[in-house]
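Undergrad: So here's structure.cif, just mmCIF, C-alpha atoms:
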```cif
data_final
loop_
_atom_site.group_PDB
_atom_site.id
_atom_site.type_symbol
_atom_site.label_atom_id
_atom_site.label_comp_id
_atom_site.auth_asym_id
_atom_site.auth_seq_id
_atom_site.Cartn_x
_atom_site.Cartn_y
_atom_site.Cartn_z
ATOM 1 C CA MET P 1 -4.005 8.448 4.658
ATOM 2 C CA ASN P 2 -7.230 8.202 6.651
ATOM 3 C CA MET P 3 -7.646 4.444 6.809
ATOM 4 C CA ASN P 4 -8.645 2.766 10.023
ATOM 5 C CA LYS P 5 -5.433 1.096 11.199
ATOM 6 C CA MET P 6 -7.157 -2.082 12.376
ATOM 7 C CA LYS P 7 -8.921 -2.450 9.022
ATOM 8 C CA MET P 8 -5.635 -1.912 7.219
ATOM 9 C CA LYS P 9 -3.915 -4.554 9.299
ATOM 10 C CA GLY P 10 -6.767 -7.066 8.993
ATOM 11 C CA ASP P 11 -7.240 -6.728 5.250
ATOM 12 C CA TRP P 12 -3.596 -6.264 4.327
ATOM 13 C CA ASN P 13 -3.075 -9.621 2.573
ATOM 14 C CA ILE P 14 -6.052 -9.014 0.288
ATOM 15 C CA ALA P 15 -4.969 -5.447 -0.455
ATOM 16 C CA LYS P 16 -1.380 -6.554 -1.067
ATOM 17 C CA GLY P 17 -2.578 -8.972 -3.734
ATOM 18 C CA LYS P 18 -4.578 -6.239 -5.458
ATOM 19 C CA LEU P 19 -1.578 -3.901 -5.446
ATOM 20 C CA LYS P 20 0.604 -6.637 -6.967
ATOM 21 C CA GLN P 21 -2.005 -7.104 -9.693
ATOM 22 C CA ARG P 22 -1.871 -3.384 -10.475
ATOM 23 C CA TRP P 23 1.921 -3.123 -10.306
ATOM 24 C CA ALA P 24 3.467 -6.525 -11.010
ATOM 25 C CA LYS P 25 6.968 -5.192 -10.278
ATOM 26 C CA LEU P 26 6.188 -4.753 -6.565
ATOM 27 C CA THR P 27 7.897 -7.239 -4.271
ATOM 28 C CA ASP P 28 6.881 -8.523 -0.847
ATOM 29 C CA ASP P 29 9.635 -6.328 0.550
ATOM 30 C CA ASP P 30 8.102 -3.262 -1.161
ATOM 31 C CA LEU P 31 4.755 -4.132 0.402
ATOM 32 C CA ARG P 32 6.041 -4.738 3.921
ATOM 33 C CA TYR P 33 3.529 -3.089 6.259
ATOM 34 C CA GLN P 34 4.128 -2.072 9.855
ATOM 35 C CA GLU P 35 1.593 -0.235 11.932
ATOM 36 C CA GLY P 36 2.398 3.456 12.062
ATOM 37 C CA MET P 37 4.620 3.258 8.983
ATOM 38 C CA GLU P 38 1.981 3.944 6.328
ATOM 39 C CA TYR P 39 3.899 6.802 4.719
ATOM 40 C CA GLU P 40 7.047 4.695 4.441
ATOM 41 C CA LEU P 41 4.976 2.054 2.631
ATOM 42 C CA ILE P 42 3.590 4.691 0.249
ATOM 43 C CA GLY P 43 7.129 5.945 -0.373
ATOM 44 C CA ARG P 44 8.433 2.467 -1.227
ATOM 45 C CA ILE P 45 5.581 1.855 -3.673
ATOM 46 C CA GLN P 46 6.038 5.316 -5.179
ATOM 47 C CA LYS P 47 9.782 4.777 -5.653
ATOM 48 C CA ARG P 48 9.278 1.371 -7.298
ATOM 49 C CA THR P 49 6.409 2.412 -9.598
ATOM 50 C CA GLY P 50 7.250 6.041 -10.383
ATOM 51 C CA GLU P 51 3.658 7.037 -9.560
ATOM 52 C CA THR P 52 2.752 10.208 -7.675
ATOM 53 C CA GLN P 53 2.124 10.028 -3.936
ATOM 54 C CA GLU P 54 -1.548 10.833 -4.545
ATOM 55 C CA ALA P 55 -1.908 8.022 -7.104
ATOM 56 C CA VAL P 56 -0.291 5.493 -4.771
ATOM 57 C CA GLU P 57 -2.425 6.578 -1.799
ATOM 58 C CA LYS P 58 -5.575 6.260 -3.917
ATOM 59 C CA ALA P 59 -4.520 2.808 -5.155
ATOM 60 C CA VAL P 60 -3.891 1.625 -1.588
ATOM 61 C CA GLU P 61 -7.238 3.024 -0.393
ATOM 62 C CA ASP P 62 -8.989 1.456 -3.397
ATOM 63 C CA ALA P 63 -7.377 -1.911 -2.650
ATOM 64 C CA PHE P 64 -9.105 -1.881 0.730
ATOM 65 C CA SER P 65 -12.487 -0.709 -0.520
ATOM 66 C CA GLU P 66 -13.016 -3.090 -3.427
#
```
For this file, write the structure as structure tokens.

TA:
Amino acid sequence: MNMNKMKMKGDWNIAKGKLKQRWAKLTDDDLRYQEGMEYELIGRIQKRTGETQEAVEKAVEDAFSE
């Protein structure tokens, strides 16, 4: 994931809402973000949704760019 870490941290609440809209089954615990733990976040979303890693990464990136 190539996102700027500061941008990810600053826009996380907005992005989290967009991800919950896409996958209503995601919980706040699934979307817990800690700096440096991006791949763990992707893994939690992937496990909950059954999506591929690539699809989840794209959805997260899209949530920040919209």

Undergrad: What gap, in Å, lies between atom CA of P:Thr52 and atom CA of P:Thr27?

TA: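 Interatomic distance here is 18.5 Å.
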
Undergrad: Quote the spacing between atom CA of P:Ala59 and atom CA of P:Asn13 in Å to one decimal place.

TA: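 Straight-line distance from atom CA of P:Ala59 to atom CA of P:Asn13 works out to 14.7 Å.
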
Undergrad: Which residue, P:Glu57, P:Gly50, P:Ser65, P:Glu38, has the smallest gap to P:Asp11 when you use all atoms listed in the file?

TA: P:Ser65

Undergrad: For the PyMOL selection byres ((chain P and resi 28) around 12), applied here, can you spell out every residue it catches as a list in words?

TA: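 On the file shown, the PyMOL selection byres ((chain P and resi 28) around 12) covers Trp12, Asn13, Lys16, Gly17, Leu19, Lys20, Trp23, Ala24, Lys25, Leu26, Thr27, Asp29, Asp30, Leu31, Arg32, Tyr33, Leu41, Arg44 and Ile45 of chain P.
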
Undergrad: Emit as JSON the padded axis-aligned box for all listed atoms of stretch 47-55 of chain P, 5 Å per side, with centre and edge lengths in Å to one decimal.

TA:
```
{"center_x": 3.9, "center_y": 6.1, "center_z": -7.2, "size_x": 21.7, "size_y": 19.5, "size_z": 16.4}
```

Undergrad: What residues come out when you apply the PyMOL selection byres ((chain P and resi 62) around 12) to this file, written as a count of residues only?

TA: 20

Undergrad: Complete stretch 15-26 of chain P with all heavy atoms (output as a PDB file, keeping the file's coordinate frame).

TA:
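The new file part-v9.pdb reads:
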```pdb
ATOM      1  N   ALA P  15      -5.377  -6.690   0.202  1.00  0.00           N
ATOM      2  CA  ALA P  15      -4.969  -5.447  -0.455  1.00  0.00           C
ATOM      3  C   ALA P  15      -3.613  -5.621  -1.143  1.00  0.00           C
ATOM      4  O   ALA P  15      -3.400  -5.124  -2.252  1.00  0.00           O
ATOM      5  CB  ALA P  15      -4.915  -4.316   0.561  1.00  0.00           C
ATOM      6  N   LYS P  16      -2.708  -6.333  -0.499  1.00  0.00           N
ATOM      7  CA  LYS P  16      -1.380  -6.554  -1.067  1.00  0.00           C
ATOM      8  C   LYS P  16      -1.494  -7.281  -2.407  1.00  0.00           C
ATOM      9  O   LYS P  16      -0.824  -6.921  -3.373  1.00  0.00           O
ATOM     10  CB  LYS P  16      -0.537  -7.367  -0.073  1.00  0.00           C
ATOM     11  CG  LYS P  16       0.892  -7.530  -0.474  1.00  0.00           C
ATOM     12  CD  LYS P  16       1.791  -7.979   0.662  1.00  0.00           C
ATOM     13  CE  LYS P  16       1.435  -9.294   1.256  1.00  0.00           C
ATOM     14  NZ  LYS P  16       2.470  -9.819   2.159  1.00  0.00           N
ATOM     15  N   GLY P  17      -2.363  -8.256  -2.477  1.00  0.00           N
ATOM     16  CA  GLY P  17      -2.578  -8.972  -3.734  1.00  0.00           C
ATOM     17  C   GLY P  17      -3.107  -8.059  -4.824  1.00  0.00           C
ATOM     18  O   GLY P  17      -2.689  -8.139  -5.988  1.00  0.00           O
ATOM     19  N   LYS P  18      -4.027  -7.176  -4.474  1.00  0.00           N
ATOM     20  CA  LYS P  18      -4.578  -6.239  -5.458  1.00  0.00           C
ATOM     21  C   LYS P  18      -3.517  -5.263  -5.945  1.00  0.00           C
ATOM     22  O   LYS P  18      -3.473  -4.924  -7.126  1.00  0.00           O
ATOM     23  CB  LYS P  18      -5.757  -5.478  -4.853  1.00  0.00           C
ATOM     24  CG  LYS P  18      -6.973  -6.360  -4.633  1.00  0.00           C
ATOM     25  CD  LYS P  18      -8.086  -5.579  -3.982  1.00  0.00           C
ATOM     26  CE  LYS P  18      -9.282  -6.469  -3.691  1.00  0.00           C
ATOM     27  NZ  LYS P  18     -10.345  -5.737  -2.999  1.00  0.00           N
ATOM     28  N   LEU P  19      -2.646  -4.816  -5.044  1.00  0.00           N
ATOM     29  CA  LEU P  19      -1.578  -3.901  -5.446  1.00  0.00           C
ATOM     30  C   LEU P  19      -0.573  -4.599  -6.358  1.00  0.00           C
ATOM     31  O   LEU P  19      -0.078  -4.008  -7.319  1.00  0.00           O
ATOM     32  CB  LEU P  19      -0.883  -3.326  -4.210  1.00  0.00           C
ATOM     33  CG  LEU P  19      -1.748  -2.379  -3.382  1.00  0.00           C
ATOM     34  CD1 LEU P  19      -1.070  -2.074  -2.052  1.00  0.00           C
ATOM     35  CD2 LEU P  19      -2.060  -1.099  -4.140  1.00  0.00           C
ATOM     36  N   LYS P  20      -0.300  -5.881  -6.095  1.00  0.00           N
ATOM     37  CA  LYS P  20       0.604  -6.637  -6.967  1.00  0.00           C
ATOM     38  C   LYS P  20      -0.022  -6.847  -8.345  1.00  0.00           C
ATOM     39  O   LYS P  20       0.686  -6.897  -9.352  1.00  0.00           O
ATOM     40  CB  LYS P  20       0.957  -7.985  -6.342  1.00  0.00           C
ATOM     41  CG  LYS P  20       2.022  -7.890  -5.290  1.00  0.00           C
ATOM     42  CD  LYS P  20       2.414  -9.283  -4.837  1.00  0.00           C
ATOM     43  CE  LYS P  20       3.592  -9.240  -3.917  1.00  0.00           C
ATOM     44  NZ  LYS P  20       4.008 -10.591  -3.525  1.00  0.00           N
ATOM     45  N   GLN P  21      -1.345  -6.983  -8.399  1.00  0.00           N
ATOM     46  CA  GLN P  21      -2.005  -7.104  -9.693  1.00  0.00           C
ATOM     47  C   GLN P  21      -1.859  -5.807 -10.482  1.00  0.00           C
ATOM     48  O   GLN P  21      -1.644  -5.821 -11.689  1.00  0.00           O
ATOM     49  CB  GLN P  21      -3.490  -7.424  -9.526  1.00  0.00           C
ATOM     50  CG  GLN P  21      -3.767  -8.838  -9.112  1.00  0.00           C
ATOM     51  CD  GLN P  21      -5.235  -9.091  -8.864  1.00  0.00           C
ATOM     52  OE1 GLN P  21      -6.042  -8.168  -8.739  1.00  0.00           O
ATOM     53  NE2 GLN P  21      -5.613 -10.353  -8.802  1.00  0.00           N
ATOM     54  N   ARG P  22      -1.982  -4.683  -9.811  1.00  0.00           N
ATOM     55  CA  ARG P  22      -1.871  -3.384 -10.475  1.00  0.00           C
ATOM     56  C   ARG P  22      -0.441  -3.105 -10.917  1.00  0.00           C
ATOM     57  O   ARG P  22      -0.206  -2.603 -12.007  1.00  0.00           O
ATOM     58  CB  ARG P  22      -2.369  -2.287  -9.545  1.00  0.00           C
ATOM     59  CG  ARG P  22      -2.233  -0.913 -10.161  1.00  0.00           C
ATOM     60  CD  ARG P  22      -2.912   0.138  -9.368  1.00  0.00           C
ATOM     61  NE  ARG P  22      -2.690   1.420  -9.987  1.00  0.00           N
ATOM     62  CZ  ARG P  22      -3.447   2.464  -9.809  1.00  0.00           C
ATOM     63  NH1 ARG P  22      -4.494   2.378  -9.024  1.00  0.00           N
ATOM     64  NH2 ARG P  22      -3.180   3.593 -10.396  1.00  0.00           N
ATOM     65  N   TRP P  23       0.507  -3.375 -10.023  1.00  0.00           N
ATOM     66  CA  TRP P  23       1.921  -3.123 -10.306  1.00  0.00           C
ATOM     67  C   TRP P  23       2.691  -4.413 -10.083  1.00  0.00           C
ATOM     68  O   TRP P  23       3.179  -4.689  -8.986  1.00  0.00           O
ATOM     69  CB  TRP P  23       2.480  -2.034  -9.392  1.00  0.00           C
ATOM     70  CG  TRP P  23       1.891  -0.686  -9.616  1.00  0.00           C
ATOM     71  CD1 TRP P  23       1.908   0.030 -10.777  1.00  0.00           C
ATOM     72  CD2 TRP P  23       1.226   0.135  -8.649  1.00  0.00           C
ATOM     73  NE1 TRP P  23       1.289   1.234 -10.587  1.00  0.00           N
ATOM     74  CE2 TRP P  23       0.864   1.333  -9.288  1.00  0.00           C
ATOM     75  CE3 TRP P  23       0.909  -0.018  -7.309  1.00  0.00           C
ATOM     76  CZ2 TRP P  23       0.198   2.357  -8.645  1.00  0.00           C
ATOM     77  CZ3 TRP P  23       0.241   1.002  -6.664  1.00  0.00           C
ATOM     78  CH2 TRP P  23      -0.106   2.178  -7.327  1.00  0.00           C
ATOM     79  N   ALA P  24       2.839  -5.202 -11.121  1.00  0.00           N
ATOM     80  CA  ALA P  24       3.467  -6.525 -11.010  1.00  0.00           C
ATOM     81  C   ALA P  24       4.906  -6.451 -10.521  1.00  0.00           C
ATOM     82  O   ALA P  24       5.417  -7.419  -9.962  1.00  0.00           O
ATOM     83  CB  ALA P  24       3.411  -7.234 -12.362  1.00  0.00           C
ATOM     84  N   LYS P  25       5.556  -5.311 -10.685  1.00  0.00           N
ATOM     85  CA  LYS P  25       6.968  -5.192 -10.278  1.00  0.00           C
ATOM     86  C   LYS P  25       7.152  -5.061  -8.776  1.00  0.00           C
ATOM     87  O   LYS P  25       8.267  -5.114  -8.281  1.00  0.00           O
ATOM     88  CB  LYS P  25       7.647  -4.044 -11.013  1.00  0.00           C
ATOM     89  CG  LYS P  25       7.058  -2.689 -10.729  1.00  0.00           C
ATOM     90  CD  LYS P  25       7.797  -1.601 -11.494  1.00  0.00           C
ATOM     91  CE  LYS P  25       6.897  -1.030 -12.559  1.00  0.00           C
ATOM     92  NZ  LYS P  25       7.502   0.000 -13.356  1.00  0.00           N
ATOM     93  N   LEU P  26       6.069  -4.878  -8.021  1.00  0.00           N
ATOM     94  CA  LEU P  26       6.188  -4.753  -6.565  1.00  0.00           C
ATOM     95  C   LEU P  26       6.584  -6.085  -5.947  1.00  0.00           C
ATOM     96  O   LEU P  26       6.084  -7.135  -6.334  1.00  0.00           O
ATOM     97  CB  LEU P  26       4.880  -4.278  -5.947  1.00  0.00           C
ATOM     98  CG  LEU P  26       4.471  -2.847  -6.256  1.00  0.00           C
ATOM     99  CD1 LEU P  26       3.094  -2.548  -5.661  1.00  0.00           C
ATOM    100  CD2 LEU P  26       5.489  -1.854  -5.735  1.00  0.00           C
TER     101      LEU P  26
END
```
